[in-house]
Structure formats: C-alpha cells, structure tokens
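K.L.:
One file is attached below, work_26.json, containing JSON, C-alpha atoms.
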```
[["chain", "number", "residue", "atom", "x", "y", "z"],
["I", 1, "MET", "CA", 92.33, -15.53, 71.49],
["I", 2, "PHE", "CA", 93.65, -17.51, 68.51],
["I", 3, "GLU", "CA", 91.93, -16.94, 65.17],
["I", 4, "VAL", "CA", 92.05, -19.25, 62.14],
["I", 5, "ARG", "CA", 90.81, -18.51, 58.63],
["I", 6, "ILE", "CA", 90.24, -21.42, 56.27],
["I", 7, "HIS", "CA", 90.08, -20.84, 52.51],
["I", 8, "GLY", "CA", 88.84, -23.43, 50.06],
["I", 9, "ARG", "CA", 86.18, -24.20, 47.51],
["I", 10, "GLY", "CA", 82.64, -25.46, 47.88],
["I", 11, "GLY", "CA", 82.65, -29.23, 48.32],
["I", 12, "GLN", "CA", 86.08, -29.41, 50.01],
["I", 13, "GLY", "CA", 84.71, -29.49, 53.54],
["I", 14, "VAL", "CA", 85.85, -25.99, 54.53],
["I", 15, "VAL", "CA", 82.95, -25.47, 56.93],
["I", 16, "THR", "CA", 83.35, -28.98, 58.37],
["I", 17, "ALA", "CA", 87.05, -28.27, 58.98],
["I", 18, "ALA", "CA", 86.21, -25.16, 61.02],
["I", 19, "GLU", "CA", 83.58, -27.08, 62.99],
["I", 20, "MET", "CA", 85.97, -29.95, 63.74],
["I", 21, "LEU", "CA", 88.66, -27.49, 64.80],
["I", 22, "SER", "CA", 86.22, -25.99, 67.31],
["I", 23, "ILE", "CA", 85.18, -29.46, 68.55],
["I", 24, "ALA", "CA", 88.85, -30.41, 69.05],
["I", 25, "ALA", "CA", 89.38, -27.20, 71.04],
["I", 26, "PHE", "CA", 86.29, -27.99, 73.19],
["I", 27, "GLU", "CA", 87.80, -31.44, 73.84],
["I", 28, "GLU", "CA", 90.78, -29.65, 75.41],
["I", 29, "GLY", "CA", 88.60, -27.50, 77.65],
["I", 30, "ARG", "CA", 88.74, -24.32, 75.60],
["I", 31, "HIS", "CA", 86.02, -22.09, 74.25],
["I", 32, "ALA", "CA", 85.63, -22.13, 70.47],
["I", 33, "GLN", "CA", 83.49, -20.70, 67.73],
["I", 34, "ALA", "CA", 83.23, -21.75, 64.08],
["I", 35, "PHE", "CA", 81.24, -20.15, 61.28],
["I", 36, "PRO", "CA", 81.31, -19.87, 57.48],
["I", 37, "SER", "CA", 81.16, -16.96, 55.08],
["I", 38, "PHE", "CA", 79.41, -17.84, 51.86],
["I", 39, "GLY", "CA", 79.21, -15.99, 48.59],
["I", 40, "SER", "CA", 77.65, -18.15, 45.94],
["I", 41, "GLU", "CA", 77.25, -21.56, 47.55],
["I", 42, "ARG", "CA", 77.93, -23.74, 44.53],
["I", 43, "THR", "CA", 80.50, -26.50, 44.33],
["I", 44, "GLY", "CA", 83.86, -25.07, 43.32],
["I", 45, "ALA", "CA", 83.11, -21.49, 44.40],
["I", 46, "PRO", "CA", 85.52, -19.88, 46.89],
["I", 47, "VAL", "CA", 84.43, -20.45, 50.47],
["I", 48, "VAL", "CA", 85.87, -19.05, 53.71],
["I", 49, "ALA", "CA", 85.28, -20.39, 57.20],
["I", 50, "PHE", "CA", 86.51, -19.05, 60.51],
["I", 51, "CYS", "CA", 87.38, -20.51, 63.89],
["I", 52, "ARG", "CA", 88.23, -18.73, 67.12],
["I", 53, "VAL", "CA", 89.72, -20.50, 70.12],
["I", 54, "ALA", "CA", 90.10, -18.89, 73.54],
["I", 55, "ASP", "CA", 90.41, -19.70, 77.22],
["I", 56, "ARG", "CA", 87.32, -17.62, 78.03],
["I", 57, "GLU", "CA", 83.93, -17.01, 76.47],
["I", 58, "ILE", "CA", 84.04, -15.60, 72.94],
["I", 59, "ARG", "CA", 81.69, -12.70, 72.32],
["I", 60, "LEU", "CA", 82.95, -11.60, 68.89],
["I", 61, "ARG", "CA", 80.85, -12.62, 65.91],
["I", 62, "GLU", "CA", 82.41, -10.81, 62.97],
["I", 63, "PRO", "CA", 84.61, -12.40, 60.26],
["I", 64, "ILE", "CA", 88.31, -12.79, 61.05],
["I", 65, "MET", "CA", 90.25, -10.05, 59.29],
["I", 66, "MET", "CA", 93.65, -10.52, 61.02],
["I", 67, "PRO", "CA", 94.11, -14.28, 61.48],
["I", 68, "ASP", "CA", 96.80, -15.96, 63.52],
["I", 69, "ALA", "CA", 96.71, -18.85, 61.06],
["I", 70, "LEU", "CA", 95.67, -19.61, 57.49],
["I", 71, "ILE", "CA", 94.67, -23.01, 56.20],
["I", 72, "ILE", "CA", 94.44, -23.00, 52.42],
["I", 73, "GLN", "CA", 92.58, -26.05, 51.14],
["I", 74, "ASP", "CA", 92.87, -25.16, 47.44],
["I", 75, "PRO", "CA", 96.16, -23.68, 46.18],
["I", 76, "THR", "CA", 94.48, -22.34, 43.01],
["I", 77, "LEU", "CA", 92.96, -19.65, 45.27],
["I", 78, "LEU", "CA", 96.46, -18.17, 45.65],
["I", 79, "ARG", "CA", 96.04, -16.71, 42.16],
["I", 80, "GLN", "CA", 92.39, -15.77, 42.57],
["I", 81, "ILE", "CA", 92.02, -13.95, 45.90],
["I", 82, "ASP", "CA", 94.32, -12.38, 48.49],
["I", 83, "VAL", "CA", 94.26, -15.24, 50.98],
["I", 84, "PHE", "CA", 97.14, -13.65, 52.93],
["I", 85, "ALA", "CA", 95.21, -10.44, 53.64],
["I", 86, "GLY", "CA", 95.59, -9.42, 57.27],
["I", 87, "LEU", "CA", 97.70, -12.43, 58.32],
["I", 88, "LYS", "CA", 99.70, -11.57, 61.44],
["I", 89, "LYS", "CA", 103.48, -11.37, 60.92],
["I", 90, "ASP", "CA", 104.12, -14.40, 63.11],
["I", 91, "GLY", "CA", 101.18, -16.31, 61.65],
["I", 92, "PHE", "CA", 100.98, -19.93, 60.61],
["I", 93, "VAL", "CA", 100.37, -20.93, 56.98],
["I", 94, "LEU", "CA", 99.37, -24.44, 55.93],
["I", 95, "ILE", "CA", 98.64, -25.11, 52.25],
["I", 96, "ASN", "CA", 97.22, -28.24, 50.66],
["I", 97, "THR", "CA", 99.82, -29.00, 47.97],
["I", 98, "LYS", "CA", 102.74, -31.25, 47.08],
["I", 99, "HIS", "CA", 104.70, -28.16, 46.01],
["I", 100, "THR", "CA", 106.99, -25.91, 48.02],
["I", 101, "PHE", "CA", 106.30, -22.23, 48.62],
["I", 102, "GLU", "CA", 108.95, -21.48, 45.98],
["I", 103, "GLU", "CA", 107.26, -23.76, 43.42],
["I", 104, "LEU", "CA", 103.93, -22.09, 44.16],
["I", 105, "GLY", "CA", 105.53, -18.72, 43.37],
["I", 106, "ILE", "CA", 104.80, -17.24, 46.81],
["I", 107, "ALA", "CA", 108.23, -17.46, 48.47],
["I", 108, "ASP", "CA", 108.50, -13.65, 48.47],
["I", 109, "LEU", "CA", 105.09, -13.32, 50.14],
["I", 110, "VAL", "CA", 106.14, -15.51, 53.07],
["I", 111, "ARG", "CA", 109.85, -14.59, 53.22],
["I", 112, "ASP", "CA", 109.48, -12.65, 56.48],
["I", 113, "PHE", "CA", 107.46, -15.33, 58.27],
["I", 114, "PRO", "CA", 109.22, -17.79, 60.60],
["I", 115, "ALA", "CA", 110.06, -20.94, 58.59],
["I", 116, "ASN", "CA", 108.72, -23.18, 61.36],
["I", 117, "ARG", "CA", 105.26, -21.65, 60.85],
["I", 118, "LEU", "CA", 105.03, -22.42, 57.14],
["I", 119, "CYS", "CA", 104.10, -25.83, 55.78],
["I", 120, "THR", "CA", 102.68, -27.57, 52.75],
["I", 121, "LEU", "CA", 100.90, -30.90, 52.98],
["I", 122, "PRO", "CA", 99.57, -33.21, 50.20],
["I", 123, "ALA", "CA", 96.19, -33.39, 51.93],
["I", 124, "ILE", "CA", 94.19, -34.49, 48.87],
["I", 125, "ASP", "CA", 96.54, -37.45, 48.41],
["I", 126, "LEU", "CA", 96.02, -38.41, 52.06],
["I", 127, "GLY", "CA", 92.24, -38.10, 51.67],
["I", 128, "LEU", "CA", 92.29, -40.34, 48.59],
["I", 129, "LYS", "CA", 94.59, -42.86, 50.26],
["I", 130, "HIS", "CA", 92.63, -43.26, 53.48],
["I", 131, "VAL", "CA", 89.04, -42.19, 52.70],
["I", 132, "GLY", "CA", 88.85, -42.76, 48.96],
["I", 133, "ARG", "CA", 87.78, -39.16, 48.29],
["I", 134, "PRO", "CA", 89.82, -36.06, 47.37],
["I", 135, "VAL", "CA", 88.76, -34.12, 50.47],
["I", 136, "PRO", "CA", 91.65, -32.28, 52.15],
["I", 137, "ASN", "CA", 89.96, -30.90, 55.28],
["I", 138, "VAL", "CA", 90.75, -33.60, 57.86],
["I", 139, "PRO", "CA", 94.43, -34.05, 56.94],
["I", 140, "LEU", "CA", 94.84, -30.26, 57.01],
["I", 141, "LEU", "CA", 93.19, -30.03, 60.41],
["I", 142, "ALA", "CA", 95.62, -32.59, 61.82],
["I", 143, "GLY", "CA", 98.52, -30.94, 60.02],
["I", 144, "PHE", "CA", 97.53, -27.63, 61.56],
["I", 145, "ALA", "CA", 97.42, -29.23, 65.02],
["I", 146, "ALA", "CA", 100.99, -30.48, 64.53],
["I", 147, "LEU", "CA", 102.27, -27.23, 62.98],
["I", 148, "SER", "CA", 100.80, -24.92, 65.61],
["I", 149, "GLY", "CA", 101.15, -27.22, 68.63],
["I", 150, "MET", "CA", 97.74, -25.88, 69.61],
["I", 151, "LEU", "CA", 95.89, -29.20, 69.66],
["I", 152, "LYS", "CA", 96.68, -32.82, 70.42],
["I", 153, "LEU", "CA", 96.15, -35.48, 67.76],
["I", 154, "GLU", "CA", 93.85, -37.25, 70.23],
["I", 155, "SER", "CA", 91.54, -34.21, 70.29],
["I", 156, "VAL", "CA", 91.46, -34.08, 66.49],
["I", 157, "CYS", "CA", 90.54, -37.78, 66.41],
["I", 158, "LYS", "CA", 87.72, -37.17, 68.93],
["I", 159, "ALA", "CA", 86.42, -34.36, 66.70],
["I", 160, "ILE", "CA", 86.51, -36.71, 63.69],
["I", 161, "ASN", "CA", 84.55, -39.34, 65.60],
["I", 162, "ALA", "CA", 82.02, -36.69, 66.68],
["I", 163, "LYS", "CA", 81.44, -35.76, 63.00],
["I", 164, "PHE", "CA", 81.74, -39.12, 61.22],
["I", 165, "SER", "CA", 81.14, -42.78, 61.98],
["I", 166, "GLY", "CA", 82.15, -46.24, 60.79],
["I", 167, "LYS", "CA", 84.65, -46.62, 57.98],
["I", 168, "VAL", "CA", 84.55, -42.92, 57.12],
["I", 169, "ALA", "CA", 85.63, -42.07, 60.66],
["I", 170, "GLN", "CA", 88.33, -44.77, 60.64],
["I", 171, "GLY", "CA", 89.70, -43.56, 57.29],
["I", 172, "ASN", "CA", 89.73, -39.96, 58.46],
["I", 173, "VAL", "CA", 91.51, -40.88, 61.70],
["I", 174, "ALA", "CA", 94.16, -42.70, 59.63],
["I", 175, "ALA", "CA", 94.51, -39.69, 57.30],
["I", 176, "ALA", "CA", 94.75, -37.33, 60.27],
["I", 177, "THR", "CA", 97.37, -39.47, 61.98],
["I", 178, "GLU", "CA", 99.55, -39.64, 58.87],
["I", 179, "ALA", "CA", 99.19, -35.89, 58.26],
["I", 180, "PHE", "CA", 100.05, -35.08, 61.89],
["I", 181, "ASN", "CA", 103.16, -37.27, 61.75],
["I", 182, "MET", "CA", 104.24, -35.84, 58.36],
["I", 183, "VAL", "CA", 104.13, -32.28, 59.69],
["I", 184, "LEU", "CA", 105.97, -33.27, 62.90],
["I", 185, "ALA", "CA", 108.67, -34.98, 60.80],
["I", 186, "ARG", "CA", 109.06, -31.83, 58.68],
["I", 187, "ALA", "CA", 109.37, -29.74, 61.84],
["I", 188, "LYS", "CA", 112.17, -32.03, 63.09],
["I", 189, "ASP", "CA", 113.97, -31.81, 59.74],
["I", 190, "LEU", "CA", 113.68, -28.02, 59.84],
["I", 191, "SER", "CA", 115.10, -27.92, 63.38],
["I", 192, "LYS", "CA", 118.09, -29.99, 62.22],
["I", 193, "GLU", "CA", 118.67, -27.66, 59.25],
["I", 194, "VAL", "CA", 118.58, -24.63, 61.54],
["I", 195, "ALA", "CA", 120.94, -26.30, 64.03],
["I", 196, "ASN", "CA", 123.39, -27.19, 61.24],
["I", 197, "ALA", "CA", 123.27, -23.77, 59.55]]
```
Represent the structure of the file as structure tokens.
P.N.:
Amino acid sequence: MFEVRIHGRGGQGVVTAAEMLSIAAFEEGRHAQAFPSFGSERTGAPVVAFCRVADREIRLREPIMMPDALIIQDPTLLRQIDVFAGLKKDGFVLINTKHTFEELGIADLVRDFPANRLCTLPAIDLGLKHVGRPVPNVPLLAGFAALSGMLKLESVCKAINAKFSGKVAQGNVAAATEAFNMVLARAKDLSKEVANA
C-alpha cells in the first residue's frame, strides 16, 4: 500500500487533490481511498487530506501517520506545523514553491532523503497561467505523478476530466501537462548531475 498525505490551506483544493489522486489510481486498475481531516473549515486554515493506493481492497480508515509521500500545497505551513512528521525515510516530498529546499531553510530536514525523491514546483504560477486562479492542487498532482512514477499523465488527465468540465478542465489539463514535464525535466537534470559527479 502507498500512502500520501497532502497538506495545504482551506480553499487550495487539498481535498479535491486527494480525490483526483484516487480517481487517477482507479483509472489504472488500482484500489484507492481519499478522505480529508478538518479542524476549523475556514478558508486559509490548515487542512490535511489523505490518499491510499493499493493493488487490493483497502480496509484501513484511520489518518495516515507514516506517509510514503508528502505533497505540501502551502510552504508557509513548514513554519506552522510539523508536516514531515512520520514521513518514511525513502519518502517523496513535493512542495509548491519557486524556492529550493535550501532557500526554504529545510535542507537539513531532508538531507538524508534520496535527492530524486525531493522536488519543488511553482504550482500556483502554473494554476494562474493555465486556469486563471492561484490553485496549486492539479499541477502538484501531476508533478507527484512524474516524481513518483506511480501514475501516468493520461490517468491524471482522466481524473481532471472526471472532476471538471469545459475550459476549467482544459486549463487544468494544460497545467498538469506542464507540471508533469517540468518534474520529468528536473529528474533528467538530476540524473545527469549524479552521472557527472
């Protein structure tokens, strides 16, 4: 079973991201489960959503305490809550930001994680560019698919079309495609750096 925890703020589409991740997994013939954990449900309040993906039926229902992957939709949460709590040592980390892990001041936190499992992505910029709204969830979902290799871009696009329609769906597919390709390009650059080291 692969477990993903998504951290963000109310209004950023955290719950929708978890749902679309589960839809994309269903598209690939897997079992999936998505659910939120709300405190105060106001816009801007910290929100956590969870997604489990497995090749067999999922019976667990409790929150994910030891995720295989973290998707952080709002980097300001890095200073507010312990988003890294319980993350497995070989886990994936994807953060919505233009900054590097060093610039965010968390290089020491992630020093022992494999470099090819760490990524930042300017997801809000991609949302604004393609959808006209500063919503990072869809670009991050596609970025996660590319980073983890767990899902195909085609499955992410099917999940988008299951959730949205018309121009909103088209814009989100464009944002997802650019995000997916950006993360793949970073992975190739990282492979070259490792090969040349």
K.L.:
Just give me the gap between CA of Asn161 (chain I) and CA of Val138 (chain I) in Å, one decimal is fine.
P.N.:
11.5 Å
K.L.:
Smallest atom-to-atom distance to Val14 (chain I): which of I:Glu62, I:Asp108, I:Asp90, I:Asp74, using all atoms listed in the file?
P.N.:
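The answer is I:Asp74, which sits nearest to Val14 (chain I).
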K.L.:
Please compute the CA of Val156 (chain I)-CA of Ala24 (chain I) distance, one decimal, in Å.
P.N.:
5.2 Å
K.L.:
For each of I:Ile71, I:Ala176, I:Val4, I:Met65, take the minimum atom-to-atom distance to Leu153 (chain I), counting only C-alpha atoms, then give the residue where this is smallest.
P.N.:
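Checking each of I:Ile71, I:Ala176, I:Val4, I:Met65 against Leu153 (chain I), counting only C-alpha atoms, the winner is I:Ala176.
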K.L.:
Interatomic distance between CA of Ala169 (chain I) and CA of Phe2 (chain I)?
P.N.:
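Going from CA of Ala169 (chain I) over to CA of Phe2 (chain I) covers 27.0 Å.
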K.L.:
Could you tell me which of I:Leu70, I:Arg111, I:Arg133, I:Ala18 comes closest to Asp82 (chain I) if we count all atoms listed in the file?
P.N.:
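Ranked by minimum distance to Asp82 (chain I), first place goes to I:Leu70.
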K.L.:
Between I:Leu87, I:Val183, I:Ala107, I:Leu126, single out the one closest to Gly171 (chain I), counting all atoms listed in the file.
P.N.:
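Among I:Leu87, I:Val183, I:Ala107, I:Leu126, it is I:Leu126 that comes nearest to Gly171 (chain I).
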K.L.:
(100.8, -17.9, 61.2) in this file's frame - what residues fall within 9 Å of it? Use all atoms listed in the file and give the answer as a ChimeraX atom specification.
P.N.:
/I:4,67-70,87-94,113-114,117-118,148
K.L.:
Which of these residues is nearest to Ala179 (chain I), using all atoms listed in the file: I:Leu141, I:Ile64, I:Val135, I:Ala45?
P.N.:
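Under the stated criterion, the closest residue is I:Leu141.
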K.L.:
Using only C-alpha atoms, pick whichever of I:His7, I:Lys158, I:Arg186, I:Arg59 has the shortest atom-to-atom distance to Val173 (chain I).
P.N.:
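Of I:His7, I:Lys158, I:Arg186, I:Arg59, the one nearest Val173 (chain I) is I:Lys158, counting only C-alpha atoms.
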K.L.:
Which residues, written as a ChimeraX atom specification, have at least one atom at most 7 Å from His31 (chain I), with only C-alpha atoms counted and residues fewer than 3 positions away on the same chain left out?
P.N.:
/I:25-26,53-58
K.L.:
Would you write out, as a tab-separated table, a table of all residues in region 80-114 of chain I that have an atom no more than 12 Å from an atom of region 9-12 of chain I, listing for each the closest atom pair and the distance in Å to one decimal, considering all atoms listed in the file and ordering rows by chain and rising residue number?
P.N.:
```
residue	atom	partner	partner_atom	distance
I:Gln80	CA	I:Arg9	CA	11.6
I:Ile81	CA	I:Arg9	CA	11.9
I:Asn96	CA	I:Gln12	CA	11.2
```
K.L.:
Env of Cys51 (chain I): 9 Å cut, atoms = only C-alpha atoms, seq-sep filter 6 positions within chain, self excluded. Answer as a ChimeraX atom specification.
P.N.:
/I:2-6,18-19,21-22,32-36,64
